[in-house]
Amino acid sequence: MQEAMISKAKALLADGTVTRVIGWKRGEFVYDVTPAVFESAQELDEGFVYDDFTAANVSKYLIKESRKEGKILCFLKPCDTYSFNQLIKEHRIIRENVYIVGIPSDGKLDAEKIKSKGITGILSAQRDGDTVKVETLYGIETLPLADAMLEKCLSCKSKKHVIYDELIGEDGEVIDSDRFDMVEKLENMTAEERFEFWRSELSKCIRCNACRNVCPACSCEKCVFDNPQSGVENKAPADSFEENMFHIIRAFHVAGRCTDCGECSRVCPQNIPLHLLNRKFIKDINSLYGEYQAGEDTTSRSPLTNYDTEDCEPKIVHERGVE
Amino acid sequence: MLKIAIDSLGELFGKIASAQTLYIPADRPDGEAEYRKYEPGMKLTGRLNTVRSAKDFFFPQTESLVDFKVEGKNIEVIDPRKECEDFVVFGVRACDARSFTILDKVFLADPVDSYYKNRRDHGTIVTMACTRPAETCFCGTFGIDATAPEGDAACFSDGESIFFKANNDKGQRFIDSISSLLEEGDTAKLDEVQSKTREILKKLPLAALSTENFGGDKLNEYFNSDKWGELSESCLGCGTCTFVCPTCQCYDIKDFDTGHGIKRFRCWDSCMYSDFTKMAHGNPRLTQLERFRQRFMHKLVYFPKNNDGEFGCVGCGRCLSKCPISMNIVKVMKALEEK
Amino acid sequence: MQVNDNKDFQPTIVAFCCNWCSYAGADLSGTNRLNYPTNVKIIRVPCSCRVNPMFILRAFQRGADGVIICGCHPGDCHYTSGNYYARRRMTLLFSMLDYLGIERDRTRVEWVSAAEGQKFAKTMNEFTEAVRKLGPNRRLEDLRCRKQ
């Protein structure tokens with residue numbers, strides 16, 4: 001796949017279709033790839049990589065990149081295309097300046113997850129069917145694929161590219177995923193248990209803002225939590241409430257726009273399952289206002305900028321579920 | 001050397017905790033480690049290091065500096081500082097132990113930061129020598145020996161026992177306080193473990209990384225380097241690297257209006273944030289390039305310039321594993337060195 | 001669910017009332033000399049859809065024990081459709097708070113027209129009583145704001 005992508009990129013650079021390519025650049029180890037812009041065939045040969053660790057969603061970078069001179073080539077995985085489409089809908093990306101090549105993805109690995117299984121000194125990782133073979137400084141370890149795969153890939157919602165100029169490989173289908181299982185499990189707990197769960201998760205937050213800054217839906221020029229005039233600006237969680245406030249408001253602000261790309265949970269240094277907040281909103285929207293997938297198209301109205309005179313009353317919350 | 005069997009660690013922790021507060025790195029359900037207040041039954045983590053560094057004990061993420069109580073036209077100024085109790089931090093790695101030397105240079109230099117000093121005076125640091133360094137480790141680059149950590153007292157494990165060595169008077173007092181549980185032991189096996197660890201340290205992927213091209217005299221050479229553009233291009237401008245870093249020490253002081261008074265507090269800040277240098281006249285660091293450059297120039301050039309050649313990094317590798325886009329000080333050093 | 005034993009507890013209730021219906025409804029209940037608890041602090045907003053979820057969390061942060069949003073009946077919005085948007089937003093927000101384990105009776109939305117002085121007083125009496133039973137808000141408060 002990597003070779004096909006490099007030769008495609010070289011061809012498009014050579015015929016002048018694009019002037020730059022955004023992709024992933026090889027790092028020091030097998031897993032630390034960095035999103036990067038390549039401008040020549042030589043740069044592509046030296047550093048371009050597409051493998052089991054190229055999980056980063058590059059669509060948010062295109063807000064900035066599409067405003068530069070010349071057209072840019074981007075390689076988008078199926079989940080990335082939803083984010084891209086949503087940004088088009090929000091008029092954040094200039095479509096004419098981007099050439100999209102859709103690429104398939106069969107799930108990415110998570111070095112942090114491998115390390116959390118007690119494996120250290122990782123030198124290489126090889127997928128082999130349902131297992132992953134990890135070569136380390138202390139010998140070779142084998143673990144089940146599910147124990148090494150990113151959470152967002154384990155509950156992948158779609159292998160379909162919703163926007164592209166060209167595809168490498170076959171397009172996939174929307175998958176009937178089990179992504180709401182954990183949300184449902186939480187809903188069935190008692191309020192006390194839910195509170196304990198979220199308190200223990202959210203109190204780990206160090207307010208590094210990685211979740212916000214990586215989120216393709218968080219593209220405000222100035223975040224309300226960075227604005228001293230807003231009255232809620234805070235650089236650090238001063239007490240237990242602070243982190244709740246930030247995460248509730250952030251999840252609410254992206255509700256109806258979040259495509260469930262899972263980047264927030266991927267980048268969280270404290271492994272807070274932030275996607276469970278977003279998925280709760282998605283699940284509620286689906287069940288109360290009809291199925292809606294953000295980023296699926298560029299024209300439909302988002303559920304929160306829309307209404308129906310027959311909508312349910314808020315007291316439905318008080319009447320259903322476990323208290 | 002005095003030692004205790006690893007199986008008896010619980011007993012040892014119990015004894016320390018009966019006299020003063022004890023913190024040890026323990027496992028979290030998600031497989032990561034964090035420092036926790038010791039409670040009976042708690043076990044030392046198997047992970048090499050914690051997500052948050054040990055600097056939290058002396059330089060917490062937020063702390064109250066002063067409270068103002070407003071009643072009518074009167075303002076009462078309240079000092080919220082409480083008497084700090086003695087505490088022990090056990091199991092600090094060599095990299096984190098060195099970070100205290102770096103933080104001391106900032107907070108204990110004139111004018112002394114009394115909040116920091118208070119905690120520093122009351123804390124005893126017991127370090128633990130590494131036996132299984134990770135691929136992200138590069139403490140050797142900064143002259144740190146992972147097998148002989150600094151700190152008030154140091155521990156060494158040979159897999160069966162833990163050996164103790166005092167590095168200063170405070171450490172000696174600590175060892176004296178637990179000596180009833182310790183016995184004299186033979187270090188033959190420990191020496192073997194140590195030399196094996198040293199072999200691994202030499203084989204680490206980043207073992208060849210050197211600071212020879214960095215230091216206080218490199219300002220002009222690197223400040224205008226054209227590498228900063230591509231290096232900072234994908235930076236998200238989040239504060240992950242700063243907040244997990246054991247040596248980052250920048251903070252902000254803010255007032256919080258509680259509705260019936262004011263709480264003045266200090267909290268960690270990050271030079272990666274867009275408002276870090278925001279002043280009344282505007283912001284001198286307008287793009288991520290300048291902010292990104294600041295962080296690495298500070299660690300590799302400005303800090304050694306002002307602190308007798310001491311670098312502002314200890315090679316703990318936290319930023320290498322935690323950066324959302326995997327950009328880090330090692331990549332920056334290697335890129336800058338390329339001529 | 002916890003039940004408050006303290007009979008003397010006086011909750012602080014914040015009521016966001018839309019200018020055109022509910023605020024006038026509150027006025028009417030006053031001119032009709034109907035009683036509703038002094039615990040209720042009314043904040044007038046131009047429309048129920050002006051209420052940002054942040055306002056509600058802010059109120060809880062700074063010591064409110066219950067927050068109620070009152071607006072025109074669906075279909076009667078002064079701005080035609082504001083309360084329809086508010087309805088969706090509040091449903092989702094309350095559902096999220098419930099998901100986070102916050103007591104669900106601390107929040108409510110009620111449609112009160114300018115002619116419903118009676119309903120306003122009744123709603124406030126009921127809501128205050130419900131929150132009084134729950135006791136002080138501890139899960140969404142900011143400890144720094146607690147009065148010593």
# chains A, B, ... in the order shown; residues from 1 in each chain; ligands from 1
>>> residues_around(residues="Cys47 of chain C", least_positions_apart="2", cutoff="10 Å", atoms="only C-alpha atoms", output="list in words")
Phe16, Cys17, Cys18, Asn19, Trp20, Cys21, Ser22, Arg44, Val45, Cys49, Arg50, Val51, Cys70, Gly71, Cys72, Cys77, His78, Tyr79, Ser81, Gly82, Asn83 and Ala86 of chain C
>>> write_last_selection(atoms="N, CA and C atoms", output="mmCIF file, in the first residue's frame")
data_model
loop_
_atom_site.group_PDB
_atom_site.id
_atom_site.type_symbol
_atom_site.label_atom_id
_atom_site.label_comp_id
_atom_site.auth_asym_id
_atom_site.auth_seq_id
_atom_site.Cartn_x
_atom_site.Cartn_y
_atom_site.Cartn_z
ATOM 1 N N PHE C 16 -34.262 30.223 34.712
ATOM 2 C CA PHE C 16 -34.084 31.040 33.512
ATOM 3 C C PHE C 16 -35.461 31.194 32.869
ATOM 4 N N CYS C 17 -35.959 32.424 32.810
ATOM 5 C CA CYS C 17 -37.303 32.642 32.278
ATOM 6 C C CYS C 17 -37.250 33.500 31.027
ATOM 7 N N CYS C 18 -37.969 33.077 30.013
ATOM 8 C CA CYS C 18 -37.994 33.848 28.777
ATOM 9 C C CYS C 18 -38.802 35.125 29.000
ATOM 10 N N ASN C 19 -38.356 36.159 28.383
ATOM 11 C CA ASN C 19 -38.912 37.497 28.600
ATOM 12 C C ASN C 19 -40.397 37.576 28.268
ATOM 13 N N TRP C 20 -40.797 36.838 27.215
ATOM 14 C CA TRP C 20 -42.123 37.066 26.637
ATOM 15 C C TRP C 20 -43.234 36.279 27.298
ATOM 16 N N CYS C 21 -42.923 35.081 27.765
ATOM 17 C CA CYS C 21 -43.983 34.266 28.362
ATOM 18 C C CYS C 21 -43.741 34.050 29.852
ATOM 19 N N SER C 22 -42.692 33.315 30.171
ATOM 20 C CA SER C 22 -42.534 32.845 31.545
ATOM 21 C C SER C 22 -42.274 33.976 32.528
ATOM 22 N N ARG C 44 -33.759 36.637 33.810
ATOM 23 C CA ARG C 44 -34.558 36.862 32.608
ATOM 24 C C ARG C 44 -33.678 36.738 31.366
ATOM 25 N N VAL C 45 -34.147 35.974 30.403
ATOM 26 C CA VAL C 45 -33.428 35.815 29.136
ATOM 27 C C VAL C 45 -34.387 36.165 27.999
ATOM 28 N N CYS C 49 -34.057 29.781 24.169
ATOM 29 C CA CYS C 49 -32.924 29.273 23.407
ATOM 30 C C CYS C 49 -31.667 30.121 23.615
ATOM 31 N N ARG C 50 -31.813 31.205 24.383
ATOM 32 C CA ARG C 50 -30.621 31.982 24.733
ATOM 33 C C ARG C 50 -29.798 31.237 25.791
ATOM 34 N N VAL C 51 -30.409 30.270 26.442
ATOM 35 C CA VAL C 51 -29.730 29.581 27.540
ATOM 36 C C VAL C 51 -28.689 28.607 26.991
ATOM 37 N N CYS C 70 -37.598 28.024 31.844
ATOM 38 C CA CYS C 70 -38.990 28.223 31.475
ATOM 39 C C CYS C 70 -39.073 29.043 30.195
ATOM 40 N N GLY C 71 -39.941 28.618 29.295
ATOM 41 C CA GLY C 71 -40.105 29.345 28.041
ATOM 42 C C GLY C 71 -41.540 29.275 27.559
ATOM 43 N N CYS C 72 -41.794 29.893 26.419
ATOM 44 C CA CYS C 72 -43.132 29.858 25.828
ATOM 45 C C CYS C 72 -43.473 28.419 25.435
ATOM 46 N N CYS C 77 -43.451 30.580 20.470
ATOM 47 C CA CYS C 77 -42.228 31.368 20.675
ATOM 48 C C CYS C 77 -42.357 32.739 20.024
ATOM 49 N N HIS C 78 -41.933 33.764 20.748
ATOM 50 C CA HIS C 78 -41.944 35.123 20.220
ATOM 51 C C HIS C 78 -41.105 35.224 18.947
ATOM 52 N N TYR C 79 -40.063 34.389 18.905
ATOM 53 C CA TYR C 79 -39.179 34.390 17.724
ATOM 54 C C TYR C 79 -39.479 33.174 16.846
ATOM 55 N N SER C 81 -39.330 30.037 16.562
ATOM 56 C CA SER C 81 -38.837 28.665 16.726
ATOM 57 C C SER C 81 -37.792 28.495 17.818
ATOM 58 N N GLY C 82 -37.496 29.551 18.569
ATOM 59 C CA GLY C 82 -36.412 29.471 19.568
ATOM 60 C C GLY C 82 -36.576 28.321 20.540
ATOM 61 N N ASN C 83 -37.791 28.157 21.048
ATOM 62 C CA ASN C 83 -37.955 27.120 22.070
ATOM 63 C C ASN C 83 -37.867 25.703 21.508
ATOM 64 N N ALA C 86 -34.258 25.092 21.831
ATOM 65 C CA ALA C 86 -33.950 24.934 23.255
ATOM 66 C C ALA C 86 -34.370 23.544 23.727
#
>>> closest_atom_pairs(of="segment 37-110 of chain B", to="segment 117-123 of chain B", cutoff="9 Å", atoms="only C-alpha atoms", output="CSV")
residue,atom,partner,partner_atom,distance
B:Phe57,CA,B:Arg119,CA,7.5
B:Phe58,CA,B:Arg119,CA,5.5
B:Phe59,CA,B:Arg119,CA,8.5
B:Glu83,CA,B:Asn118,CA,8.6
B:Cys84,CA,B:Arg119,CA,6.5
B:Glu85,CA,B:His122,CA,6.4
B:Asp86,CA,B:His122,CA,4.5
B:Phe87,CA,B:Gly123,CA,4.9
B:Val88,CA,B:Gly123,CA,5.7
B:Val89,CA,B:Gly123,CA,7.2
B:Asp104,CA,B:Lys117,CA,8.6
B:Phe107,CA,B:Lys117,CA,7.6
B:Leu108,CA,B:Lys117,CA,6.8
>>> residues_around(residues="Ala121 of chain C", least_positions_apart="3", cutoff="8 Å", atoms="only C-alpha atoms", output="NGL selection string")
:C and (26 or 29 or 34-36 or 117-118 or 124-125)
>>> interface_residues(of="chain A", to="chain C", cutoff="8 Å", atoms="only C-alpha atoms", output="PyMOL selection string")
chain A and resi 186-187+190-196+198+239-242+245+248-249+252+277+280-281+284-285+304-309+311+313-318+323
>>> write_last_selection(atoms="C-alpha atoms", output="short mmCIF file (atom, residue, chain, number, x, y, z; two decimals), in the first residue's frame")
data_model
loop_
_atom_site.label_atom_id
_atom_site.label_comp_id
_atom_site.auth_asym_id
_atom_site.auth_seq_id
_atom_site.Cartn_x
_atom_site.Cartn_y
_atom_site.Cartn_z
CA LEU A 186 -23.05 2.76 31.48
CA GLU A 187 -26.69 3.74 30.99
CA THR A 190 -27.11 3.24 38.72
CA ALA A 191 -26.58 6.99 38.89
CA GLU A 192 -24.18 6.42 41.77
CA GLU A 193 -22.08 3.99 39.73
CA ARG A 194 -22.08 6.27 36.71
CA PHE A 195 -20.96 9.16 38.84
CA GLU A 196 -18.13 7.12 40.33
CA TRP A 198 -16.90 9.39 35.41
CA ASP A 239 -10.91 21.09 41.48
CA SER A 240 -13.18 18.20 40.66
CA PHE A 241 -15.78 20.30 38.94
CA GLU A 242 -13.45 22.05 36.55
CA MET A 245 -17.25 21.48 33.02
CA ILE A 248 -19.24 18.35 29.19
CA ILE A 249 -19.19 21.63 27.31
CA PHE A 252 -21.89 19.36 23.81
CA LEU A 277 -19.17 11.23 25.96
CA LYS A 280 -23.70 9.24 24.22
CA PHE A 281 -24.78 12.32 22.28
CA ASP A 284 -29.30 10.05 21.96
CA ILE A 285 -29.58 11.94 18.69
CA LEU A 304 -28.92 20.66 16.82
CA THR A 305 -29.54 23.31 14.19
CA ASN A 306 -32.80 21.68 13.30
CA TYR A 307 -36.07 20.80 15.02
CA ASP A 308 -39.38 19.10 14.60
CA THR A 309 -42.56 20.42 16.17
CA ASP A 311 -39.94 16.45 19.19
CA GLU A 313 -40.08 16.87 25.72
CA PRO A 314 -36.95 17.09 27.90
CA LYS A 315 -38.73 15.23 30.66
CA ILE A 316 -38.17 12.05 28.68
CA VAL A 317 -34.76 12.02 30.38
CA HIS A 318 -36.46 11.86 33.75
CA GLU A 323 -31.84 6.30 38.16
#
>>> select_by_dssp(residues="segment 1-126 of chain C", states="alpha helix (DSSP H)", output="PyMOL selection string")
chain C and resi 22-31+53-61+82-99+117-126
>>> select_by_dssp(residues="segment 3-142 of chain C", states="strand (DSSP E)", output="list in words")
Ile13, Val14, Ala15, Phe16, Cys17, Cys18, Val40, Lys41, Ile42, Ile43, Arg44, Val45, Gly66, Val67, Ile68, Ile69, Cys70, Gly71, Thr107, Arg108, Val109, Glu110 and Trp111 of chain C
>>> write_last_selection(atoms="C-alpha atoms", output="PDB file, in the first residue's frame")
ATOM      1  CA  ILE C  13     -32.970  27.526  42.656  1.00  0.00           C
ATOM      2  CA  VAL C  14     -32.035  29.358  39.489  1.00  0.00           C
ATOM      3  CA  ALA C  15     -34.881  29.874  37.027  1.00  0.00           C
ATOM      4  CA  PHE C  16     -34.084  31.040  33.512  1.00  0.00           C
ATOM      5  CA  CYS C  17     -37.303  32.642  32.278  1.00  0.00           C
ATOM      6  CA  CYS C  18     -37.994  33.848  28.777  1.00  0.00           C
ATOM      7  CA  VAL C  40     -36.164  30.804  43.337  1.00  0.00           C
ATOM      8  CA  LYS C  41     -33.847  33.353  41.735  1.00  0.00           C
ATOM      9  CA  ILE C  42     -35.132  34.392  38.341  1.00  0.00           C
ATOM     10  CA  ILE C  43     -32.773  35.274  35.517  1.00  0.00           C
ATOM     11  CA  ARG C  44     -34.558  36.862  32.608  1.00  0.00           C
ATOM     12  CA  VAL C  45     -33.428  35.815  29.136  1.00  0.00           C
ATOM     13  CA  GLY C  66     -31.462  23.196  41.016  1.00  0.00           C
ATOM     14  CA  VAL C  67     -31.845  24.886  37.635  1.00  0.00           C
ATOM     15  CA  ILE C  68     -35.127  25.259  35.776  1.00  0.00           C
ATOM     16  CA  ILE C  69     -35.617  26.694  32.296  1.00  0.00           C
ATOM     17  CA  CYS C  70     -38.990  28.223  31.475  1.00  0.00           C
ATOM     18  CA  GLY C  71     -40.105  29.345  28.041  1.00  0.00           C
ATOM     19  CA  THR C 107     -32.837  20.108  36.203  1.00  0.00           C
ATOM     20  CA  ARG C 108     -36.149  20.747  34.525  1.00  0.00           C
ATOM     21  CA  VAL C 109     -37.733  22.472  31.553  1.00  0.00           C
ATOM     22  CA  GLU C 110     -41.277  23.819  31.872  1.00  0.00           C
ATOM     23  CA  TRP C 111     -43.335  25.776  29.351  1.00  0.00           C
TER      24      TRP C 111
END
>>> interface_residues(of="chain C", to="chain B", cutoff="8 Å", atoms="only C-alpha atoms", output="list in words")
Arg62, Arg144, Cys145 and Lys147 of chain C
>>> write_last_selection(atoms="N, CA and C atoms", output="PDB file, in the first residue's frame")
ATOM      1  N   ARG C  62     -21.581  27.609  40.861  1.00  0.00           N
ATOM      2  CA  ARG C  62     -21.526  28.701  41.814  1.00  0.00           C
ATOM      3  C   ARG C  62     -22.586  28.584  42.903  1.00  0.00           C
ATOM      4  N   ARG C 144     -14.371  25.807  45.381  1.00  0.00           N
ATOM      5  CA  ARG C 144     -13.827  27.130  45.715  1.00  0.00           C
ATOM      6  C   ARG C 144     -14.924  28.137  45.998  1.00  0.00           C
ATOM      7  N   CYS C 145     -16.120  27.876  45.421  1.00  0.00           N
ATOM      8  CA  CYS C 145     -17.205  28.838  45.566  1.00  0.00           C
ATOM      9  C   CYS C 145     -18.068  28.566  46.793  1.00  0.00           C
ATOM     10  N   LYS C 147     -19.413  28.643  50.342  1.00  0.00           N
ATOM     11  CA  LYS C 147     -19.237  29.609  51.437  1.00  0.00           C
ATOM     12  C   LYS C 147     -18.865  28.843  52.693  1.00  0.00           C
TER      13      LYS C 147
END
>>> closest_atom_pairs(of="segment 93-127 of chain B", to="segment 143-162 of chain B", cutoff="8 Å", atoms="only C-alpha atoms", output="JSON lines")
{"residue": "B:Arg93", "atom": "CA", "partner": "B:Pro149", "partner_atom": "CA", "distance": 6.9}
{"residue": "B:Ala94", "atom": "CA", "partner": "B:Pro149", "partner_atom": "CA", "distance": 4.3}
{"residue": "B:Cys95", "atom": "CA", "partner": "B:Ile144", "partner_atom": "CA", "distance": 6.9}
{"residue": "B:Ala97", "atom": "CA", "partner": "B:Gly151", "partner_atom": "CA", "distance": 5.5}
{"residue": "B:Arg98", "atom": "CA", "partner": "B:Glu150", "partner_atom": "CA", "distance": 6.7}
{"residue": "B:Thr124", "atom": "CA", "partner": "B:Asp152", "partner_atom": "CA", "distance": 6.3}
{"residue": "B:Ile125", "atom": "CA", "partner": "B:Asp152", "partner_atom": "CA", "distance": 5.3}
{"residue": "B:Val126", "atom": "CA", "partner": "B:Ala153", "partner_atom": "CA", "distance": 4.8}
{"residue": "B:Thr127", "atom": "CA", "partner": "B:Ala154", "partner_atom": "CA", "distance": 4.6}
>>> write_last_selection(atoms="N, CA and C atoms", output="mmCIF file, in the first residue's frame")
data_model
loop_
_atom_site.group_PDB
_atom_site.id
_atom_site.type_symbol
_atom_site.label_atom_id
_atom_site.label_comp_id
_atom_site.auth_asym_id
_atom_site.auth_seq_id
_atom_site.Cartn_x
_atom_site.Cartn_y
_atom_site.Cartn_z
ATOM 1 N N ARG B 93 12.506 7.402 39.559
ATOM 2 C CA ARG B 93 13.557 6.964 38.640
ATOM 3 C C ARG B 93 14.671 8.015 38.545
ATOM 4 N N ALA B 94 15.809 7.579 38.026
ATOM 5 C CA ALA B 94 16.985 8.452 37.966
ATOM 6 C C ALA B 94 16.695 9.745 37.204
ATOM 7 N N CYS B 95 15.886 9.636 36.125
ATOM 8 C CA CYS B 95 15.590 10.825 35.322
ATOM 9 C C CYS B 95 14.809 11.847 36.145
ATOM 10 N N ALA B 97 14.663 12.047 39.334
ATOM 11 C CA ALA B 97 15.485 12.523 40.449
ATOM 12 C C ALA B 97 16.337 13.714 39.994
ATOM 13 N N ARG B 98 16.866 13.618 38.764
ATOM 14 C CA ARG B 98 17.671 14.726 38.252
ATOM 15 C C ARG B 98 16.799 15.963 38.011
ATOM 16 N N THR B 124 11.252 13.551 51.312
ATOM 17 C CA THR B 124 12.425 12.685 51.153
ATOM 18 C C THR B 124 12.229 11.882 49.881
ATOM 19 N N ILE B 125 13.240 11.900 49.017
ATOM 20 C CA ILE B 125 13.118 11.199 47.747
ATOM 21 C C ILE B 125 13.929 9.913 47.785
ATOM 22 N N VAL B 126 13.248 8.811 47.614
ATOM 23 C CA VAL B 126 13.921 7.522 47.563
ATOM 24 C C VAL B 126 13.830 7.017 46.130
ATOM 25 N N THR B 127 14.961 6.913 45.496
ATOM 26 C CA THR B 127 14.966 6.561 44.073
ATOM 27 C C THR B 127 15.106 5.056 43.894
#
>>> atom_distance(atom1="atom CA of Ser59 of chain A", atom2="atom CA of Arg95 of chain A")
11.6 Å
>>> closest_residue(among="A:Asp147, A:Lys89, A:Thr54, A:Tyr99", to="Thr299 of chain A", atoms="only C-alpha atoms")
A:Lys89
>>> interface_residues(of="chain A", to="chain B", cutoff="7 Å", atoms="only C-alpha atoms", output="list in words")
Asp32, Val33, Thr34, Pro35, Ala36, Ser116, Lys117, Gly118, Thr120, Gly121, Ile122, Cys208, Asn209, Ala210, Asn213, Val214, Lys235, Ala236, Ala238, Val267 and Pro269 of chain A
>>> closest_residue(among="C:Lys119, C:Arg33, C:Asn39, C:Ala114", to="Val131 of chain C", atoms="only C-alpha atoms")
C:Asn39
>>> atom_distance(atom1="atom CA of Gln10 of chain C", atom2="atom CA of Asp27 of chain C")
23.0 Å
